[in-house]
Amino acid sequence: MDALQYADILIAVVGVLIVAGIADMLGGKRGFGGALLVASVGAACGWFLVIRVFALTTMDDWNWILWALGGAALSLLAYYLLRNKR
């Protein structure tokens with residue numbers, strides 16, 4: 001089995017971890033777990049949009065990683081803008 005076969009998935013996972021970490025540092029007291037959950041769901045939505053809905057790319061290309069990270073960033077932005085601040 002080729003060692004680089006799943007490199008794009010690993011890069012996407014690490015990218016989501018980095019985006020969630022940055023959002024956690026900028027966001028405050030919510031915690032890394034919440035940011036990671038929101039970023040993961042956003043990344044899954046970005047992947048679903050580009051692969052299944054718009055059919056712009058396949059898993060063989062690298063474009064879906066940008067869409068996944070963009071989905072993660074947009075979902076975190078919406079999360080921090082629209083959350084309940086008690």
# chains A, B, ... in the order shown; residues from 1 in each chain; ligands from 1
call {"tool": "residues_around", "arguments": {"residues": "segment 41-53 of chain A", "least_positions_apart": "3", "cutoff": "12 Å", "atoms": "only C-alpha atoms", "output": "MDAnalysis selection string"}}
result
chainID A and resid 9 12:17 19:20 34:38 56:79
call {"tool": "select_by_dssp", "arguments": {"residues": "chain A", "states": "alpha helix (DSSP H)", "output": "VMD selection string"}}
result
chain A and resid 7 to 27 32 to 48 63 to 82
call {"tool": "atom_distance", "arguments": {"atom1": "atom CA of Asp8 of chain A", "atom2": "atom CA of Gly33 of chain A"}}
result
23.3 Å
call {"tool": "atom_distance", "arguments": {"atom1": "atom CA of Ala23 of chain A", "atom2": "atom CA of Ala39 of chain A"}}
result
9.1 Å
